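Containing mmCIF, C-alpha atoms: input-v8.cif.
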data_data
#
loop_
_atom_site.group_PDB
_atom_site.id
_atom_site.type_symbol
_atom_site.label_atom_id
_atom_site.label_comp_id
_atom_site.auth_asym_id
_atom_site.auth_seq_id
_atom_site.Cartn_x
_atom_site.Cartn_y
_atom_site.Cartn_z
ATOM 1 C CA MET A 11 55.694 50.095 -6.029
ATOM 2 C CA SER A 12 56.404 51.527 -9.439
ATOM 3 C CA GLU A 13 59.947 50.234 -9.682
ATOM 4 C CA SER A 14 60.663 46.531 -9.622
ATOM 5 C CA GLN A 15 62.806 45.062 -6.907
ATOM 6 C CA THR A 16 65.233 42.205 -7.413
ATOM 7 C CA ILE A 17 64.716 39.429 -4.905
ATOM 8 C CA HIS A 18 68.008 37.717 -4.143
ATOM 9 C CA SER A 19 67.264 34.139 -3.121
ATOM 10 C CA HIS A 20 68.383 30.597 -3.712
ATOM 11 C CA THR A 21 66.516 27.326 -4.066
ATOM 12 C CA ASP A 22 66.884 25.164 -0.980
ATOM 13 C CA VAL A 23 68.725 21.912 -1.612
ATOM 14 C CA GLY A 24 66.195 19.121 -1.888
ATOM 15 C CA PHE A 25 63.263 21.552 -1.981
ATOM 16 C CA ASN A 26 62.495 22.732 -5.528
ATOM 17 C CA ASN A 27 59.446 24.609 -4.333
ATOM 18 C CA ARG A 28 61.099 26.671 -1.613
ATOM 19 C CA ARG A 29 63.630 29.493 -1.629
ATOM 20 C CA THR A 30 65.634 31.285 1.035
ATOM 21 C CA LEU A 31 66.295 35.025 0.905
ATOM 22 C CA ASP A 32 69.964 35.919 0.524
ATOM 23 C CA LYS A 33 69.385 39.607 1.341
ATOM 24 C CA ASP A 34 66.816 41.573 3.315
ATOM 25 C CA VAL A 35 63.843 42.754 1.242
ATOM 26 C CA HIS A 36 62.261 46.113 2.092
ATOM 27 C CA HIS A 37 58.660 46.525 1.001
ATOM 28 C CA ARG A 38 55.646 48.413 2.392
ATOM 29 C CA GLY A 39 57.575 49.494 5.446
ATOM 30 C CA LEU A 40 58.482 45.895 6.292
ATOM 31 C CA THR A 41 61.901 44.327 6.346
ATOM 32 C CA ILE A 42 61.669 40.701 5.317
ATOM 33 C CA PRO A 43 64.906 39.310 6.727
ATOM 34 C CA ARG A 44 67.666 37.446 4.982
ATOM 35 C CA GLY A 45 67.165 33.737 5.662
ATOM 36 C CA PHE A 46 63.357 33.880 5.434
ATOM 37 C CA LYS A 47 62.038 30.797 3.642
ATOM 38 C CA TRP A 48 59.124 31.086 1.229
ATOM 39 C CA ASP A 49 57.464 29.002 -1.439
ATOM 40 C CA GLY A 50 56.351 31.493 -4.097
ATOM 41 C CA ALA A 51 52.721 31.379 -5.148
ATOM 42 C CA SER A 52 51.173 28.379 -3.428
ATOM 43 C CA THR A 53 49.105 27.621 -6.490
ATOM 44 C CA PRO A 54 48.112 24.079 -7.468
ATOM 45 C CA LYS A 55 49.650 23.124 -10.825
ATOM 46 C CA PRO A 56 46.377 23.282 -12.817
ATOM 47 C CA PHE A 57 45.929 26.940 -11.782
ATOM 48 C CA ARG A 58 49.469 28.200 -12.395
ATOM 49 C CA MET A 59 48.324 29.867 -15.602
ATOM 50 C CA ILE A 60 46.466 32.294 -13.296
ATOM 51 C CA ALA A 61 49.316 32.755 -10.810
ATOM 52 C CA PRO A 62 52.704 31.250 -11.724
ATOM 53 C CA LYS A 63 54.752 30.004 -8.777
ATOM 54 C CA TRP A 64 57.675 32.372 -9.581
ATOM 55 C CA GLY A 65 57.883 35.433 -11.798
ATOM 56 C CA ASP A 66 56.870 39.079 -12.073
ATOM 57 C CA CYS A 67 54.612 38.918 -9.009
ATOM 58 C CA SER A 68 57.085 37.143 -6.702
ATOM 59 C CA LEU A 69 57.403 40.204 -4.452
ATOM 60 C CA ALA A 70 53.653 40.089 -3.764
ATOM 61 C CA PHE A 71 53.787 36.406 -2.822
ATOM 62 C CA LEU A 72 56.945 36.876 -0.731
ATOM 63 C CA THR A 73 55.296 39.698 1.216
ATOM 64 C CA HIS A 74 52.127 37.644 1.676
ATOM 65 C CA ASP A 75 54.082 34.602 2.909
ATOM 66 C CA TYR A 76 55.926 36.828 5.370
ATOM 67 C CA LEU A 77 52.706 38.419 6.627
ATOM 68 C CA TYR A 78 51.219 34.946 7.128
ATOM 69 C CA SER A 79 54.288 33.753 9.065
ATOM 70 C CA ILE A 80 54.723 33.870 12.814
ATOM 71 C CA HIS A 81 57.555 36.366 12.251
ATOM 72 C CA ALA A 82 55.283 39.153 10.954
ATOM 73 C CA PRO A 83 54.038 42.086 13.030
ATOM 74 C CA ARG A 84 51.163 40.926 15.245
ATOM 75 C CA ASP A 85 48.918 43.845 14.298
ATOM 76 C CA VAL A 86 48.623 42.613 10.686
ATOM 77 C CA THR A 87 45.426 40.597 10.352
ATOM 78 C CA ARG A 88 44.810 37.858 7.797
ATOM 79 C CA LYS A 89 42.325 40.061 5.928
ATOM 80 C CA HIS A 90 44.898 42.858 5.832
ATOM 81 C CA ALA A 91 47.583 40.463 4.500
ATOM 82 C CA ASP A 92 45.206 39.212 1.787
ATOM 83 C CA LYS A 93 44.266 42.778 0.800
ATOM 84 C CA ILE A 94 47.958 43.688 0.518
ATOM 85 C CA LEU A 95 48.459 40.647 -1.731
ATOM 86 C CA TYR A 96 45.648 41.810 -4.037
ATOM 87 C CA GLU A 97 46.983 45.385 -4.173
ATOM 88 C CA ASP A 98 50.550 44.230 -4.813
ATOM 89 C CA LEU A 99 49.481 41.815 -7.567
ATOM 90 C CA CYS A 100 47.642 44.639 -9.347
ATOM 91 C CA ALA A 101 50.565 47.041 -8.880
ATOM 92 C CA LEU A 102 52.963 44.447 -10.324
ATOM 93 C CA GLY A 103 50.872 44.126 -13.490
ATOM 94 C CA MET A 104 48.493 41.240 -12.861
ATOM 95 C CA SER A 105 44.999 41.922 -14.183
ATOM 96 C CA LYS A 106 42.394 42.800 -11.568
ATOM 97 C CA ILE A 107 40.367 39.705 -12.498
ATOM 98 C CA ARG A 108 43.312 37.334 -12.006
ATOM 99 C CA ALA A 109 44.365 39.158 -8.818
ATOM 100 C CA TYR A 110 40.806 38.840 -7.497
ATOM 101 C CA LEU A 111 40.818 35.069 -8.210
ATOM 102 C CA VAL A 112 44.061 34.746 -6.237
ATOM 103 C CA TYR A 113 42.602 36.910 -3.459
ATOM 104 C CA LYS A 114 39.455 34.776 -3.194
ATOM 105 C CA THR A 115 41.533 31.596 -3.166
ATOM 106 C CA VAL A 116 43.622 32.766 -0.221
ATOM 107 C CA ASP A 117 40.472 34.085 1.448
ATOM 108 C CA VAL A 118 38.934 30.601 1.312
ATOM 109 C CA PHE A 119 42.001 28.394 1.869
ATOM 110 C CA GLY A 120 44.497 30.626 3.675
ATOM 111 C CA LYS A 121 42.939 30.226 7.105
ATOM 112 C CA MET A 122 44.812 26.983 7.785
ATOM 113 C CA TYR A 123 48.185 28.623 7.099
ATOM 114 C CA PHE A 124 47.871 31.937 8.943
ATOM 115 C CA ARG A 125 50.163 31.982 11.979
ATOM 116 C CA VAL A 126 49.251 28.554 13.195
ATOM 117 C CA GLY A 127 51.882 28.756 15.904
ATOM 118 C CA ARG A 128 54.630 27.044 14.002
ATOM 119 C CA PRO A 129 57.441 28.493 11.949
ATOM 120 C CA ARG A 130 57.252 28.359 8.151
ATOM 121 C CA PHE A 131 60.213 26.044 8.048
ATOM 122 C CA SER A 132 60.611 22.407 8.972
ATOM 123 C CA LEU A 133 61.841 20.787 12.155
ATOM 124 C CA GLU A 134 64.751 19.514 10.063
ATOM 125 C CA ASP A 135 65.800 23.126 9.382
ATOM 126 C CA LEU A 136 65.718 23.917 13.099
ATOM 127 C CA LEU A 137 67.946 20.956 13.911
ATOM 128 C CA LYS A 138 70.604 22.023 11.360
ATOM 129 C CA ASP A 139 71.584 25.128 13.338
#

Let's see the structure in the file written out as structure tokens.
Amino acid sequence: MSESQTIHSHTDVGFNNRRTLDKDVHHRGLTIPRGFKWDGASTPKPFRMIAPKWGDCSLAFLTHDYLYSIHAPRDVTRKHADKILYEDLCALGMSKIRAYLVYKTVDVFGKMYFRVGRPRFSLEDLLKD
């Protein structure tokens, strides 16, 4: 992951904290499809100095959100997804200490969001189509 990748997305109308991919993103052998909705780093505001919601590490958070979604390959475990997040954060220039803090946070709190049997978009989005 030595070269940076531009993520083409737009902010969803009415949802400042969520974006939709405008183009497929290819990373780590995955294709994250156009139309996938993600929310950047799910970091509470007081901790955004550690992991900003959007920025240089967006690809790591996009990949992690995809791996946590019900659309991801079934053989990817939560621990594997969290490890990939840590590795990607380090590769994208985040310090190992900050990346470890993010890793531990998702290790503790991510359980409730990992493939809970519902899509990562709202019922309202489903009804639009």

Arg44 (chain A): which residues within 9 Å, counting only C-alpha atoms, same-chain residues fewer than 6 positions away excluded, as an mmCIF file with C-alpha atoms, in the frame of the given file?
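Output below, filename part.cif:
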data_model
loop_
_atom_site.group_PDB
_atom_site.id
_atom_site.type_symbol
_atom_site.label_atom_id
_atom_site.label_comp_id
_atom_site.auth_asym_id
_atom_site.auth_seq_id
_atom_site.Cartn_x
_atom_site.Cartn_y
_atom_site.Cartn_z
ATOM 1 C CA SER A 19 67.264 34.139 -3.121
ATOM 2 C CA THR A 30 65.634 31.285 1.035
ATOM 3 C CA LEU A 31 66.295 35.025 0.905
ATOM 4 C CA ASP A 32 69.964 35.919 0.524
ATOM 5 C CA LYS A 33 69.385 39.607 1.341
ATOM 6 C CA ASP A 34 66.816 41.573 3.315
ATOM 7 C CA VAL A 35 63.843 42.754 1.242
#

The PyMOL selection byres ((chain A and resi 71-87) around 9) resolved against shown file, as a PyMOL selection string: chain A and resi 37-38+40+42+46-52+63-64+67-70+88-92+94-95+98-99+120+123-130

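Distances from A:His36, A:Lys114, A:Arg29, A:Arg58 to Lys93 (chain A) were compared using all atoms listed in the file, and the smallest one belongs to A:Lys114.
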
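Compared by their closest atoms to Ala61 (chain A), and using all atoms listed in the file, the residues A:Arg28, A:Gly45, A:Glu97, A:Val112 rank with A:Val112 nearest.
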
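A straight line drawn from CA of Thr115 (chain A) to CA of Pro43 (chain A) is 26.5 Å long.
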
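The gap separating CA of Gly103 (chain A) from CA of Thr53 (chain A) is 18.0 Å, in Å to one decimal.
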
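When all atoms listed in the file are used to compute distances to Tyr96 (chain A), the closest of the residues A:Ile60, A:Val116, A:Met122, A:Ala109 turns out to be A:Ala109.
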
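From CA of Asp66 (chain A) back to CA of Lys121 (chain A), the distance works out to 25.3 Å.
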